[in-house]
$ cat my_file-v8.cif   # mmCIF, C-alpha atoms
data_my_file
loop_
_atom_site.label_atom_id
_atom_site.label_comp_id
_atom_site.auth_asym_id
_atom_site.auth_seq_id
_atom_site.Cartn_x
_atom_site.Cartn_y
_atom_site.Cartn_z
CA TRP A 1 17.42 -76.00 47.34
CA ASP A 2 17.32 -78.44 44.42
CA ALA A 3 13.55 -77.97 44.19
CA GLY A 4 14.03 -74.20 44.00
CA HIS A 5 16.68 -74.65 41.32
CA HIS A 6 14.28 -76.83 39.33
CA LEU A 7 11.43 -74.32 39.57
CA VAL A 8 13.54 -71.34 38.63
CA THR A 9 15.34 -73.03 35.74
CA ARG A 10 12.10 -74.47 34.33
CA GLN A 11 10.79 -70.93 34.07
CA ARG A 12 10.51 -69.85 30.44
CA GLY A 13 8.87 -66.85 28.85
CA PRO A 14 7.36 -64.05 30.94
CA GLU A 15 8.11 -64.25 34.65
CA SER A 16 5.50 -65.96 36.71
CA GLU A 17 4.64 -64.05 39.88
CA SER A 18 4.31 -67.28 41.84
CA THR A 19 7.75 -68.48 40.76
CA ALA A 20 9.22 -65.08 41.52
CA ALA A 21 7.58 -65.08 44.96
CA LEU A 22 8.93 -68.58 45.57
CA THR A 23 12.39 -67.26 44.77
CA GLU A 24 11.93 -64.58 47.42
CA VAL A 25 10.88 -67.23 49.94
CA ALA A 26 13.97 -69.30 49.15
CA CYS A 27 16.18 -66.26 49.79
CA GLU A 28 14.37 -65.52 53.04
CA LEU A 29 14.84 -69.13 54.15
CA LEU A 30 18.57 -68.86 53.52
CA VAL A 31 18.71 -65.68 55.58
CA ALA A 32 16.76 -67.35 58.40
CA ARG A 33 19.06 -70.37 58.31
CA TYR A 34 22.41 -68.55 58.23
CA ASP A 35 21.64 -65.11 59.69
CA LYS A 36 23.18 -65.85 63.10
CA GLU A 37 26.34 -67.40 61.63
CA LEU A 38 27.13 -64.97 58.85
CA ASP A 39 27.38 -61.23 58.41
CA GLY A 40 25.27 -60.03 55.51
CA THR A 41 24.09 -61.17 52.12
CA ASP A 42 27.54 -61.19 50.51
CA GLU A 43 28.95 -63.55 53.13
CA LEU A 44 25.85 -65.75 53.01
CA LEU A 45 26.08 -66.16 49.23
CA GLN A 46 29.76 -67.08 49.47
CA HIS A 47 29.19 -69.68 52.20
CA ASP A 48 30.06 -73.17 50.92
CA ALA A 49 26.63 -74.55 51.76
CA VAL A 50 25.02 -71.96 49.49
CA ALA A 51 27.67 -71.22 46.85
CA SER A 52 28.19 -74.88 45.99
CA HIS A 53 24.56 -75.12 44.81
CA MET A 54 24.49 -71.99 42.67
CA ASP A 55 26.28 -71.56 39.38
CA GLY A 56 26.27 -68.31 37.44
CA ARG A 57 23.22 -69.28 35.41
CA LEU A 58 21.13 -69.88 38.51
CA ARG A 59 22.38 -66.66 40.08
CA LEU A 60 21.25 -64.70 37.01
CA LEU A 61 17.85 -66.39 37.02
CA VAL A 62 17.40 -65.58 40.71
CA VAL A 63 18.39 -61.96 40.01
CA ALA A 64 15.76 -61.78 37.27
CA GLN A 65 13.06 -63.14 39.57
CA LEU A 66 13.96 -60.81 42.44
CA LEU A 67 14.00 -57.78 40.17
CA HIS A 68 10.64 -58.79 38.71
CA CYS A 69 9.13 -58.80 42.20
CA ALA A 70 10.88 -55.54 43.12
CA VAL A 71 8.76 -53.47 40.76
CA LEU A 72 5.38 -55.10 41.24
CA PRO A 73 2.70 -52.59 42.32
CA GLY A 74 2.27 -54.06 45.83
CA THR A 75 5.98 -54.18 46.66
CA ASP A 76 6.82 -52.34 49.87
CA LEU A 77 10.13 -50.59 50.51
CA ALA A 78 11.50 -53.35 52.75
CA ARG A 79 10.89 -55.98 50.06
CA LEU A 80 12.38 -53.71 47.40
CA SER A 81 15.53 -53.18 49.48
CA PHE A 82 15.87 -56.90 50.21
CA ASN A 83 15.47 -57.88 46.56
CA LEU A 84 17.83 -55.22 45.27
CA GLU A 85 20.48 -56.08 47.89
CA TRP A 86 20.33 -59.72 46.83
CA ALA A 87 20.44 -58.83 43.13
CA VAL A 88 23.58 -56.70 43.59
CA ALA A 89 25.28 -59.40 45.69
CA LEU A 90 24.40 -62.18 43.25
CA LEU A 91 25.57 -60.21 40.23
CA ALA A 92 28.92 -59.62 41.91
CA LEU A 93 29.41 -63.40 42.02
CA VAL A 94 28.62 -64.14 38.38
CA GLY A 95 31.58 -64.63 36.08
CA GLY A 96 31.03 -63.60 32.49
CA ASP A 97 33.11 -66.54 31.29
CA GLU A 98 31.01 -69.20 33.07
CA ASP A 99 29.23 -71.78 30.93
CA GLY A 100 25.78 -70.74 29.78
CA ILE A 101 25.97 -67.16 31.04
CA ALA A 102 25.57 -65.61 27.59
CA GLU A 103 22.42 -67.64 26.92
CA VAL A 104 20.80 -66.76 30.25
CA LEU A 105 21.86 -63.13 29.93
CA ALA A 106 20.29 -62.94 26.48
CA SER A 107 17.06 -64.24 27.99
CA VAL A 108 16.82 -62.18 31.18
CA GLY A 109 19.21 -59.28 30.59
CA PRO A 110 16.90 -56.91 28.69
CA ARG A 111 14.11 -57.18 31.28
CA ALA A 112 16.56 -56.90 34.18
CA THR A 113 18.02 -53.77 32.58
CA GLU A 114 14.53 -52.31 32.13
CA VAL A 115 13.66 -52.95 35.79
CA LEU A 116 16.95 -51.51 37.06
CA GLU A 117 16.48 -48.39 34.94
CA ALA A 118 12.97 -47.99 36.40
CA LEU A 119 14.40 -48.31 39.89
CA GLN A 120 17.05 -45.71 39.07
CA THR A 121 14.42 -43.18 38.05
CA GLY A 122 12.36 -43.97 41.15
CA HIS A 123 9.06 -44.27 39.29
CA ARG A 124 8.38 -47.95 40.04
CA PRO A 125 7.14 -49.49 42.23
CA PRO A 126 4.59 -47.01 43.61
CA SER A 127 6.06 -47.35 47.11
CA LEU A 128 9.39 -46.05 45.79
CA ALA A 129 7.79 -43.21 43.88
CA SER A 130 6.33 -41.91 47.14
CA ALA A 131 9.35 -42.78 49.32
CA PRO A 132 11.54 -40.21 51.06
CA VAL A 133 14.37 -38.79 48.95
CA PRO A 134 17.15 -40.66 50.85
CA MET A 135 15.47 -43.99 50.09
CA ARG A 136 15.05 -43.10 46.42
CA ARG A 137 18.72 -42.07 46.23
CA HIS A 138 19.89 -45.28 47.91
CA THR A 139 17.75 -47.35 45.54
CA ALA A 140 19.02 -45.45 42.50
CA LEU A 141 22.61 -46.03 43.59
CA SER A 142 22.02 -49.75 44.17
CA ALA A 143 20.27 -50.07 40.80
CA LYS A 144 23.19 -48.29 39.13
CA LEU A 145 25.60 -50.73 40.77
CA ALA A 146 23.49 -53.68 39.57
CA LEU A 147 23.39 -52.24 36.03
CA LYS A 148 27.16 -51.97 36.09
CA GLY A 149 27.36 -55.62 37.20
CA LEU A 150 25.10 -56.64 34.33
CA GLY A 151 27.16 -54.57 31.92
CA LEU A 152 30.35 -56.34 32.95
CA LEU A 153 28.81 -59.65 31.92
CA VAL A 154 28.07 -58.58 28.35
#
$ encode --input "my_file-v8.cif" --output "structure tokens"
Amino acid sequence: WDAGHHLVTRQRGPESESTAALTEVACELLVARYDKELDGTDELLQHDAVASHMDGRLRLLVVAQLLHCAVLPGTDLARLSFNLEWAVALLALVGGDEDGIAEVLASVGPRATEVLEALQTGHRPPSLASAPVPMRRHTALSAKLALKGLGLLV
């Protein structure tokens, strides 16, 4: 996990697709490791073995990477749902008064907001634009919840 922390925190400027994809892989590995023991993303992220390695800054950076991948043109609906579920769960665990949150939020907040607004409208990624209405509604609701979580940090 330390290697993933290093790669994500070294990220500066525009998101790199390879770093973002690596973030997705790290999340998938956590699910594979703890899926049988824990019930859902929320419980996994609160597990001592995971939570003790993630401060609020890292959680926000992971959210930014997952959201970046969520709207890429080749993103399928399963990947979109996974990334958005993780983003919502991670944002719920970030405290606005944690050290360094304001700095990270200033860096990734505008882009995260832009992505979440795009998900709310259902226009991006292309797989969402052509998805059934229930999926678009669910995604819009999740994006709205994530936007609210971001807003609470400001």
$ resolve_selection --input "my_file-v8.cif" --expression "the PyMOL selection byres ((chain A and resi 138-145) around 9)" --output "compact mmCIF listing (two decimals) with C-alpha atoms, in the coordinates of the input"
# COMPACT_ATOMS: atom_id res chain seq x y z
CA LEU A 80 12.38 -53.71 47.40
CA SER A 81 15.53 -53.18 49.48
CA LEU A 84 17.83 -55.22 45.27
CA GLU A 85 20.48 -56.08 47.89
CA VAL A 88 23.58 -56.70 43.59
CA VAL A 115 13.66 -52.95 35.79
CA LEU A 116 16.95 -51.51 37.06
CA GLU A 117 16.48 -48.39 34.94
CA ALA A 118 12.97 -47.99 36.40
CA LEU A 119 14.40 -48.31 39.89
CA GLN A 120 17.05 -45.71 39.07
CA THR A 121 14.42 -43.18 38.05
CA GLY A 122 12.36 -43.97 41.15
CA LEU A 128 9.39 -46.05 45.79
CA VAL A 133 14.37 -38.79 48.95
CA PRO A 134 17.15 -40.66 50.85
CA MET A 135 15.47 -43.99 50.09
CA ARG A 136 15.05 -43.10 46.42
CA ARG A 137 18.72 -42.07 46.23
CA ALA A 146 23.49 -53.68 39.57
CA LEU A 147 23.39 -52.24 36.03
CA LYS A 148 27.16 -51.97 36.09
CA GLY A 149 27.36 -55.62 37.20
CA LEU A 150 25.10 -56.64 34.33
$ resolve_selection --input "my_file-v8.cif" --expression "the PyMOL selection byres ((chain A and resi 94) around 8)" --output "list of chain:residue names"
A:Asp55, A:Gly56, A:Arg59, A:Leu60, A:Leu90, A:Leu91, A:Ala92, A:Leu93, A:Gly95, A:Gly96, A:Glu98, A:Leu153
$ closest_residue --input "my_file-v8.cif" --among "A:Ala20, A:Val104, A:Ala89, A:Ala64" --to "Gln46 in chain A" --atoms "all atoms listed in the file"
A:Ala89
$ atom_distance --input "my_file-v8.cif" --atom1 "CA of Asp42 in chain A" --atom2 "CA of Trp86 in chain A"
8.2 Å
$ atom_distance --input "my_file-v8.cif" --atom1 "CA of Phe82 in chain A" --atom2 "CA of Ala102 in chain A"
26.1 Å
